[in-house]
file model27.cif (mmCIF, C-alpha atoms)
data_query
#
loop_
_atom_site.label_atom_id
_atom_site.label_comp_id
_atom_site.auth_asym_id
_atom_site.auth_seq_id
_atom_site.Cartn_x
_atom_site.Cartn_y
_atom_site.Cartn_z
CA LYS A 1 -218.67 148.58 61.69
CA ASP A 2 -221.97 148.93 59.74
CA TYR A 3 -223.76 150.96 62.42
CA VAL A 4 -223.29 154.22 64.30
CA PHE A 5 -224.30 154.47 67.95
CA SER A 6 -225.04 158.03 69.05
CA GLU A 7 -223.61 159.54 72.22
CA PRO A 8 -225.95 158.60 75.12
CA LYS A 9 -228.61 161.24 75.76
CA ILE A 10 -229.66 161.47 79.39
CA LEU A 11 -233.41 161.41 80.02
CA PRO A 12 -233.68 163.62 83.13
CA PHE A 13 -237.18 162.44 84.07
CA LEU A 14 -236.28 158.74 83.94
CA HIS A 15 -233.94 158.10 86.85
CA GLY A 16 -232.55 154.99 88.52
CA GLY A 17 -235.67 154.53 90.65
CA TYR A 18 -237.43 153.19 87.57
CA LYS A 19 -237.38 149.71 86.08
CA VAL A 20 -237.92 149.56 82.33
CA VAL A 21 -240.13 146.66 81.27
CA GLU A 22 -240.74 146.81 77.52
CA TRP A 23 -240.99 149.14 74.56
CA LEU A 24 -244.48 149.34 73.10
CA PRO A 25 -245.06 148.56 69.39
CA ASP A 26 -245.69 152.24 68.58
CA ASN A 27 -241.95 152.89 69.16
CA ASP A 28 -242.91 155.96 71.23
CA HIS A 29 -243.88 154.63 74.68
CA ILE A 30 -242.22 152.33 77.17
CA LEU A 31 -243.75 150.43 80.07
CA VAL A 32 -242.00 151.20 83.37
CA THR A 33 -242.44 150.71 87.10
CA GLN A 34 -241.46 153.23 89.77
CA ARG A 35 -241.11 152.54 93.47
CA THR A 36 -243.13 155.10 95.42
CA SER A 37 -242.70 153.84 98.99
CA ARG A 38 -241.32 150.94 100.98
CA ARG A 39 -244.32 148.82 100.02
CA ASN A 40 -245.79 150.28 96.84
CA GLU A 41 -245.01 151.10 93.24
CA ARG A 42 -246.61 152.69 90.18
CA ILE A 43 -246.92 151.24 86.69
CA GLU A 44 -246.49 153.95 84.07
CA LEU A 45 -246.38 154.52 80.34
CA PHE A 46 -243.46 156.83 79.54
CA ASP A 47 -243.45 158.91 76.34
CA VAL A 48 -239.81 158.88 75.23
CA GLY A 49 -240.12 161.84 72.86
CA GLU A 50 -242.11 164.10 75.20
CA GLY A 51 -240.38 163.01 78.41
CA ILE A 52 -243.65 162.63 80.30
CA SER A 53 -245.29 159.64 81.94
CA GLN A 54 -248.85 158.51 82.52
CA THR A 55 -249.71 156.47 85.60
CA VAL A 56 -251.64 153.39 84.56
CA ALA A 57 -251.83 151.42 87.80
CA GLU A 58 -250.68 151.26 91.40
CA ARG A 59 -249.86 148.07 93.24
CA ALA A 60 -247.91 146.46 96.07
CA LEU A 61 -244.15 146.53 95.53
CA LEU A 62 -243.05 143.44 93.58
CA HIS A 63 -239.32 143.40 93.01
CA TYR A 64 -239.06 140.74 90.30
CA ASP A 65 -242.55 140.23 88.88
CA LEU A 66 -243.09 142.78 86.15
CA PRO A 67 -246.24 143.89 84.32
CA VAL A 68 -246.84 142.97 80.67
CA TRP A 69 -248.27 144.97 77.77
CA TRP A 70 -251.21 143.10 76.21
CA GLU A 71 -251.30 144.57 72.75
CA THR A 72 -254.64 143.78 71.11
CA PRO A 73 -256.81 144.83 74.06
CA GLY A 74 -254.41 147.75 74.58
CA VAL A 75 -254.05 147.20 78.33
CA VAL A 76 -251.42 146.49 80.94
CA ILE A 77 -251.81 143.15 82.67
CA TYR A 78 -250.12 142.84 86.02
CA PRO A 79 -249.97 140.67 89.16
CA ASP A 80 -250.72 142.20 92.52
CA LYS A 81 -251.14 141.36 96.19
CA GLU A 82 -254.43 141.94 97.95
CA ILE A 83 -253.49 142.85 101.53
CA PRO A 84 -256.55 143.08 103.83
CA ASP A 85 -254.60 144.55 106.75
CA ARG A 86 -251.80 146.97 105.87
CA ASN A 87 -250.28 146.37 109.28
CA LYS A 88 -249.80 142.72 108.30
CA PRO A 89 -248.23 142.89 104.82
CA SER A 90 -247.13 139.25 104.95
CA VAL A 91 -250.79 138.13 104.90
CA PHE A 92 -252.13 138.48 101.36
CA THR A 93 -253.79 136.78 98.42
CA LEU A 94 -252.57 136.97 94.82
CA GLN A 95 -254.62 138.46 92.04
CA LEU A 96 -254.31 139.37 88.39
CA ASN A 97 -255.49 142.78 87.17
CA ILE A 98 -255.64 144.83 84.00
CA SER A 99 -255.61 148.59 83.58
CA ARG A 100 -255.99 150.71 80.46
CA ASP A 101 -255.10 154.34 81.11
CA SER A 102 -255.31 155.14 84.83
CA PRO A 103 -255.56 153.44 88.24
CA LYS A 104 -259.33 154.05 88.08
CA SER A 105 -259.57 151.76 85.04
CA LYS A 106 -258.35 148.78 87.08
CA GLU A 107 -260.27 145.54 86.55
CA LEU A 108 -259.82 142.26 88.42
CA LEU A 109 -259.20 139.33 86.09
CA THR A 110 -258.83 136.48 88.56
CA ARG A 111 -257.66 135.43 91.99
CA ASP A 112 -257.07 131.90 90.76
CA ILE A 113 -253.36 132.30 90.13
CA GLN A 114 -250.51 130.14 91.34
CA ASP A 115 -247.77 132.77 91.34
CA LEU A 116 -246.93 136.07 89.67
CA SER A 117 -245.51 134.89 86.34
CA LEU A 118 -247.40 135.87 83.17
CA THR A 119 -246.80 136.53 79.47
CA ALA A 120 -248.63 137.93 76.43
CA LYS A 121 -248.38 136.96 72.79
CA PRO A 122 -246.44 139.67 70.89
CA GLY A 123 -248.74 141.34 68.38
CA GLY A 124 -251.54 138.99 69.37
CA ASP A 125 -254.68 138.77 71.44
CA GLN A 126 -253.70 136.08 73.93
CA ALA A 127 -252.10 136.15 77.36
CA ALA A 128 -251.16 133.38 79.76
CA TYR A 129 -250.82 132.99 83.50
CA ARG A 130 -250.30 130.16 85.97
CA SER A 131 -253.04 128.48 87.95
CA SER A 132 -252.60 125.41 90.15
CA GLY A 133 -251.01 122.75 87.94
CA GLN A 134 -252.17 124.54 84.80
CA ILE A 135 -251.25 127.30 82.40
CA MET A 136 -254.32 129.35 81.53
CA VAL A 137 -254.52 131.05 78.11
CA MET A 138 -256.91 134.01 77.79
CA GLY A 139 -258.36 135.72 74.74
CA ALA A 140 -258.81 139.46 74.25
CA ASP A 141 -262.31 139.16 75.72
CA ARG A 142 -260.55 138.01 78.94
CA ASN A 143 -262.22 134.62 78.91
CA VAL A 144 -260.09 131.52 79.36
CA LEU A 145 -259.54 129.82 76.00
CA LYS A 146 -257.37 126.92 77.12
CA ARG A 147 -256.39 125.16 80.30
CA LEU A 148 -253.06 123.46 79.69
CA VAL A 149 -252.12 120.86 82.27
CA PHE A 150 -248.45 121.31 83.07
CA LYS A 151 -246.59 119.26 85.66
CA PRO A 152 -243.19 120.93 86.03
CA ALA A 153 -241.72 118.16 88.19
CA ALA A 154 -242.06 115.79 85.24
CA PHE A 155 -239.52 117.96 83.38
CA GLY A 156 -237.08 118.36 86.26
CA ILE A 157 -238.32 121.71 87.54
CA LYS A 158 -238.05 121.73 91.30
CA GLU A 159 -241.29 121.86 93.26
CA ASN A 160 -241.60 124.38 96.05
CA GLY A 161 -242.81 123.32 99.45
CA THR A 162 -245.93 125.47 99.68
CA SER A 163 -247.71 124.84 96.41
CA ASN A 164 -246.11 121.67 95.03
CA ASP A 165 -245.83 123.58 91.79
CA GLY A 166 -242.56 124.48 90.11
CA ASP A 167 -240.88 127.86 90.31
CA TYR A 168 -240.45 129.02 86.71
CA SER A 169 -240.93 131.98 84.37
CA MET A 170 -242.74 132.25 81.04
CA VAL A 171 -242.27 134.28 77.86
CA TRP A 172 -244.17 133.93 74.57
CA ARG A 173 -242.21 133.17 71.40
CA PRO A 174 -243.04 135.80 68.73
CA GLY A 175 -244.92 134.64 65.65
CA THR A 176 -245.90 131.30 67.19
CA ASP A 177 -248.29 129.63 69.61
CA GLN A 178 -245.36 128.54 71.80
CA ILE A 179 -244.42 129.64 75.31
CA LEU A 180 -240.87 129.38 76.66
CA ILE A 181 -240.79 128.07 80.23
CA TYR A 182 -237.53 128.35 82.14
CA SER A 183 -236.27 127.91 85.69
CA ASP A 184 -233.06 129.08 87.36
CA GLY A 185 -230.26 126.98 88.82
CA ASP A 186 -231.91 126.73 92.23
CA ASN A 187 -235.06 125.26 90.69
CA GLY A 188 -233.82 122.69 88.23
CA GLY A 189 -232.31 124.96 85.56
CA LYS A 190 -234.62 123.73 82.79
CA SER A 191 -235.76 125.43 79.57
CA LEU A 192 -238.87 124.09 77.82
CA LEU A 193 -241.06 125.05 74.88
CA LEU A 194 -244.79 124.48 75.33
CA ASP A 195 -247.04 124.54 72.26
CA THR A 196 -250.43 125.94 73.28
CA VAL A 197 -252.17 124.32 70.27
CA THR A 198 -250.74 120.79 70.22
CA LYS A 199 -250.08 120.85 74.00
CA GLN A 200 -246.70 119.23 73.33
CA THR A 201 -243.64 120.18 75.39
CA CYS A 202 -240.01 119.82 74.36
CA SER A 203 -236.74 120.58 76.14
CA LEU A 204 -234.24 123.14 74.88
CA TYR A 205 -230.53 122.44 75.29
CA LEU A 206 -228.68 125.54 76.48
CA ASP A 207 -225.73 123.86 78.24
CA GLY A 208 -226.62 125.79 81.39
CA TRP A 209 -229.64 127.58 82.82
CA ALA A 210 -231.29 130.77 81.65
CA GLY A 211 -231.27 133.85 83.87
CA VAL A 212 -232.48 136.35 81.26
CA VAL A 213 -234.05 135.51 77.89
CA ARG A 214 -234.80 137.68 74.85
CA TRP A 215 -236.43 136.47 71.62
CA ASN A 216 -235.55 138.32 68.44
CA PRO A 217 -238.65 139.88 66.79
CA ASP A 218 -239.44 137.00 64.44
CA GLY A 219 -238.85 134.31 67.05
CA ARG A 220 -236.02 132.53 65.27
CA TYR A 221 -233.25 133.32 67.72
CA LEU A 222 -233.32 133.02 71.49
CA ALA A 223 -230.66 135.04 73.30
CA VAL A 224 -229.89 133.93 76.85
CA LEU A 225 -227.75 135.15 79.71
CA ARG A 226 -226.61 131.80 80.98
CA ALA A 227 -225.09 130.39 84.15
CA ARG A 228 -224.14 126.94 85.40
CA ASP A 229 -223.82 127.38 89.18
CA SER A 230 -226.59 127.84 91.70
CA TYR A 231 -226.95 131.24 93.35
CA PRO A 232 -224.77 133.07 94.13
CA ILE A 233 -223.19 132.65 90.71
CA ASN A 234 -219.56 133.53 89.96
CA THR A 235 -219.93 134.03 86.22
CA SER A 236 -222.45 134.21 83.40
CA ASP A 237 -222.11 134.21 79.62
CA LEU A 238 -224.14 134.58 76.43
CA ALA A 239 -225.81 131.82 74.46
CA ILE A 240 -227.91 132.18 71.29
CA LEU A 241 -230.08 129.30 70.13
CA ASP A 242 -231.04 129.15 66.46
CA MET A 243 -234.51 127.61 66.52
CA ALA A 244 -234.35 126.76 62.81
CA SER A 245 -231.10 124.81 62.82
CA GLY A 246 -230.81 123.91 66.51
CA ARG A 247 -227.31 125.38 66.61
CA LEU A 248 -226.18 126.89 69.91
CA TYR A 249 -223.76 129.83 69.79
CA ALA A 250 -221.87 130.71 72.99
CA MET A 251 -219.75 133.75 73.84
CA GLN A 252 -217.95 134.97 76.94
CA VAL A 253 -218.37 138.72 76.07
CA VAL A 254 -216.59 139.92 79.24
CA PRO A 255 -213.14 138.25 79.26
CA PRO A 256 -212.39 136.38 82.52
CA ARG A 257 -209.44 137.56 84.55
CA GLY A 258 -207.64 135.84 87.37
CA GLY A 259 -209.49 136.15 90.68
CA ILE A 260 -212.21 138.38 89.21
CA TYR A 261 -215.91 137.67 88.89
CA HIS A 262 -217.52 138.51 85.57
CA TYR A 263 -221.24 138.76 84.88
CA LEU A 264 -223.63 139.69 82.11
CA ARG A 265 -226.46 141.76 83.57
CA ASP A 266 -228.83 142.61 80.74
CA LEU A 267 -229.25 142.33 76.97
CA ALA A 268 -231.34 143.70 74.10
CA TRP A 269 -231.54 143.25 70.32
CA VAL A 270 -230.30 146.35 68.42
CA ALA A 271 -229.18 147.58 64.99
CA ASP A 272 -232.10 146.27 62.92
CA ASN A 273 -232.16 143.42 65.43
CA GLN A 274 -228.96 141.98 63.96
CA TYR A 275 -226.77 142.47 67.04
CA LEU A 276 -227.04 142.34 70.82
CA ALA A 277 -226.34 145.10 73.32
CA ILE A 278 -225.13 143.66 76.63
CA ILE A 279 -224.23 145.20 79.98
CA GLY A 280 -221.26 143.33 81.44
CA GLU A 281 -219.76 143.64 84.89
CA ILE A 282 -216.31 142.84 86.24
CA MET A 283 -215.81 142.71 89.99
CA ASP A 284 -212.80 141.91 92.16
CA PRO A 285 -213.68 141.84 95.88
CA TYR A 286 -210.02 141.15 96.73
CA ASN A 287 -208.76 144.36 95.12
CA GLN A 288 -209.78 147.20 97.44
CA ASP A 289 -208.69 150.81 97.64
CA ALA A 290 -207.78 152.75 100.80
CA ASP A 291 -211.48 153.34 101.55
CA GLY A 292 -212.26 149.63 101.36
CA LYS A 293 -214.09 149.93 98.02
CA PHE A 294 -213.43 146.96 95.75
CA TYR A 295 -212.74 147.13 92.04
CA GLN A 296 -215.86 147.12 89.88
CA GLU A 297 -216.66 148.20 86.35
CA ARG A 298 -219.87 147.95 84.32
CA ARG A 299 -219.64 148.48 80.58
CA LEU A 300 -221.82 148.33 77.47
CA TYR A 301 -220.88 145.88 74.72
CA ILE A 302 -222.17 145.28 71.20
CA VAL A 303 -222.03 141.63 70.17
CA ASP A 304 -221.94 140.16 66.67
CA TYR A 305 -222.58 136.56 67.61
CA PHE A 306 -222.34 135.17 64.05
CA HIS A 307 -218.75 136.38 63.73
CA ASP A 308 -217.83 135.95 67.40
CA GLN A 309 -216.96 139.63 67.79
CA THR A 310 -217.51 141.97 70.73
CA VAL A 311 -216.96 145.74 70.85
CA GLU A 312 -217.06 147.86 74.00
CA ILE A 313 -218.72 151.23 73.38
CA PHE A 314 -218.67 154.39 75.51
CA PRO A 315 -215.82 153.16 77.77
CA ASP A 316 -215.91 156.44 79.72
CA ARG A 317 -219.37 155.62 81.07
CA GLU A 318 -220.64 153.22 83.70
CA PHE A 319 -223.86 151.33 82.96
CA PHE A 320 -225.62 150.36 86.16
CA THR A 321 -228.04 147.51 86.78
CA GLY A 322 -229.75 145.95 89.75
CA TRP A 323 -231.27 142.49 89.43
CA TRP A 324 -230.43 141.16 85.98
CA GLY A 325 -232.84 141.61 83.11
CA GLN A 326 -234.76 144.67 84.35
CA HIS A 327 -232.84 147.74 83.23
CA MET A 328 -232.25 147.77 79.47
CA ILE A 329 -234.64 147.59 76.52
CA SER A 330 -234.61 148.41 72.81
CA SER A 331 -237.30 149.75 70.51
CA PRO A 332 -239.17 147.23 68.33
CA ASP A 333 -237.31 148.41 65.23
CA GLY A 334 -233.95 148.08 67.00
CA ALA A 335 -233.11 151.74 66.27
CA SER A 336 -233.08 152.94 69.89
CA LEU A 337 -231.58 151.58 73.08
CA LEU A 338 -232.44 152.59 76.63
CA ALA A 339 -229.89 151.78 79.33
CA PRO A 340 -229.01 153.11 82.82
CA CYS A 341 -225.82 155.16 82.70
CA SER A 342 -223.87 157.16 85.25
CA ASP A 343 -224.82 160.74 85.98
CA ILE A 344 -223.30 161.59 89.34
CA PRO A 345 -224.78 161.76 91.90
CA ILE A 346 -227.91 160.07 90.49
CA THR A 347 -228.15 157.37 87.86
CA HIS A 348 -230.43 158.19 84.93
CA TYR A 349 -231.45 156.28 81.86
CA CYS A 350 -229.73 157.16 78.61
CA LEU A 351 -231.20 156.99 75.13
CA ILE A 352 -228.85 155.74 72.40
CA SER A 353 -229.84 155.98 68.74
CA VAL A 354 -228.62 153.36 66.28
CA ARG A 355 -228.42 153.87 62.52
CA ARG A 356 -226.68 152.41 59.50
CA LYS A 357 -223.66 154.35 58.29
CA SER A 358 -225.29 154.86 54.90
CA GLN A 359 -228.32 156.61 56.47
#
call {"tool": "encode", "arguments": {"input": "model27.cif", "output": "structure tokens"}}
result
Amino acid sequence: KDYVFSEPKILPFLHGGYKVVEWLPDNDHILVTQRTSRRNERIELFDVGEGISQTVAERALLHYDLPVWWETPGVVIYPDKEIPDRNKPSVFTLQLNISRDSPKSKELLTRDIQDLSLTAKPGGDQAAYRSSGQIMVMGADRNVLKRLVFKPAAFGIKENGTSNDGDYSMVWRPGTDQILIYSDGDNGGKSLLLDTVTKQTCSLYLDGWAGVVRWNPDGRYLAVLRARDSYPINTSDLAILDMASGRLYAMQVVPPRGGIYHYLRDLAWVADNQYLAIIGEIMDPYNQDADGKFYQERRLYIVDYFHDQTVEIFPDREFFTGWWGQHMISSPDGASLLAPCSDIPITHYCLISVRRKSQ
């Protein structure tokens, strides 16, 4: 009730073939990836105001492993596959690269990486990636500052058969030296906080496992799209962990209905970072029309978690997502939201402005 959300403005140059990764601190550019062929994709910086993009890097197609903006050096850091023989794409080695402003500025950081997960400290000069049995922390000069021994099996994260190292993701907590480590329901479903200074690790209680995580800008609140089953999941909900008090808030957001699956697909902090925007989906595979198409709706919700209130906005629009956590972002100031919305016959991203009613 304190904020006004503008009618979604379609960005014609940013269509559903893109994945949006993060909004840069300048509030003007966003980091995106675009699939260019069956095996390749581009990493681009998209100017929201001008509607133009700049290709920063090209790499092998990686569906779930996204690039990261490394702020202080002003570069994109990204995992890639080095494929010696393009006729044998399954034979490759992993590598970590950086690029500043074009594919020609590509620099190899290391081939000593365990998998494709990485993270950078928001507003800082450090980035981290996984090596065998270790988490490596780099400085802006790209030299390794710390080698943190981390044995995921000791914390209940399932080891995979090829590397004997756990399958987990990482994201840096803003304003701290801590890295959130989390695994899905097929790999132990654990959430941990690793302090890169003290090297201490603690477990976070979420009463489920994290599929998508978003820190608020000051790092106090952790918003999580949460599930309890292994894949394929039947439902997911929202949990917010207050890191100061330890209190865990939980909300359904999309009300369950008999015989219908309900999911939360993506989330972002909005409205001065006081609320959450969430894409929710309801699906009933048993309710089909004459053409055999089952019932499905995907809507955008605004959540006030402190008062346990949810409001659906723009009910006449569908908001599409693919794999969860890769299709909606908000600007650092929380005043703009980018989400994929329907524009038949092609899905485009829509820009939604958010302002206080008094403004």
call {"tool": "resolve_selection", "arguments": {"input": "model27.cif", "expression": "the PyMOL selection byres ((chain A and resi 23) around 10)", "output": "list in words"}}
result
Val20, Val21, Glu22, Leu24, Pro25, Asp26, Asn27, Asp28, His29, Ile30, Leu31, Val32, Leu45, Phe46, Val48, Trp69, Ile329, Ser330, Ser331, Pro332, Ser336, Leu337 and Leu338 of chain A
call {"tool": "residues_around", "arguments": {"input": "model27.cif", "residues": "range 248-252 of chain A", "least_positions_apart": "3", "cutoff": "10 Å", "atoms": "only C-alpha atoms", "output": "PyMOL selection string"}}
result
chain A and resi 205-207+221-226+235-243+245+255-256+262-264+303-306+308-310
call {"tool": "closest_atom_pairs", "arguments": {"input": "model27.cif", "of": "range 297-323 of chain A", "to": "range 270-279 of chain A", "cutoff": "10 Å", "atoms": "only C-alpha atoms", "output": "tab-separated table"}}
result
residue	atom	partner	partner_atom	distance
A:Arg298	CA	A:Ile279	CA	6.7
A:Arg299	CA	A:Ile279	CA	5.7
A:Leu300	CA	A:Ile279	CA	4.7
A:Tyr301	CA	A:Ile278	CA	5.2
A:Ile302	CA	A:Ala277	CA	4.7
A:Val303	CA	A:Leu276	CA	5.1
A:Asp304	CA	A:Tyr275	CA	5.4
A:Tyr305	CA	A:Tyr275	CA	7.3
A:Phe306	CA	A:Tyr275	CA	9.0
A:Thr310	CA	A:Leu276	CA	9.5
A:Val311	CA	A:Ala277	CA	9.7
A:Glu312	CA	A:Ile278	CA	9.5
A:Ile313	CA	A:Ala277	CA	9.8
A:Glu318	CA	A:Ile279	CA	9.5
A:Phe319	CA	A:Ile279	CA	6.8
A:Phe320	CA	A:Ile279	CA	8.2
A:Thr321	CA	A:Ile279	CA	8.1
call {"tool": "write_last_selection", "arguments": {"input": "model27.cif", "atoms": "C-alpha atoms", "output": "compact mmCIF listing (two decimals), keeping the file's coordinate frame"}}
result
# COMPACT_ATOMS: atom_id res chain seq x y z
CA ARG A 298 -219.87 147.95 84.32
CA ARG A 299 -219.64 148.48 80.58
CA LEU A 300 -221.82 148.33 77.47
CA TYR A 301 -220.88 145.88 74.72
CA ILE A 302 -222.17 145.28 71.20
CA VAL A 303 -222.03 141.63 70.17
CA ASP A 304 -221.94 140.16 66.67
CA TYR A 305 -222.58 136.56 67.61
CA PHE A 306 -222.34 135.17 64.05
CA THR A 310 -217.51 141.97 70.73
CA VAL A 311 -216.96 145.74 70.85
CA GLU A 312 -217.06 147.86 74.00
CA ILE A 313 -218.72 151.23 73.38
CA GLU A 318 -220.64 153.22 83.70
CA PHE A 319 -223.86 151.33 82.96
CA PHE A 320 -225.62 150.36 86.16
CA THR A 321 -228.04 147.51 86.78
call {"tool": "residues_around", "arguments": {"input": "model27.cif", "residues": "range 1-11 of chain A", "least_positions_apart": "4", "cutoff": "9 Å", "atoms": "all atoms listed in the file", "output": "ChimeraX atom specification"}}
result
/A:15,48,51,271,313-314,338-339,341,343,348-358
call {"tool": "closest_residue", "arguments": {"input": "model27.cif", "among": "A:Ala128, A:Ile135, A:Ile113, A:Ala140", "to": "Thr72 in chain A", "atoms": "all atoms listed in the file"}}
result
A:Ala140
call {"tool": "closest_residue", "arguments": {"input": "model27.cif", "among": "A:Ser169, A:Trp70, A:Ile157, A:Val144", "to": "Asp125 in chain A", "atoms": "only C-alpha atoms"}}
result
A:Trp70
call {"tool": "atom_distance", "arguments": {"input": "model27.cif", "atom1": "CA of Trp172 in chain A", "atom2": "CA of Ser132 in chain A"}}
result
19.7 Å
call {"tool": "closest_residue", "arguments": {"input": "model27.cif", "among": "A:Ala57, A:Ala120, A:Val91, A:Ile52", "to": "Ser105 in chain A", "atoms": "only C-alpha atoms"}}
result
A:Ala57
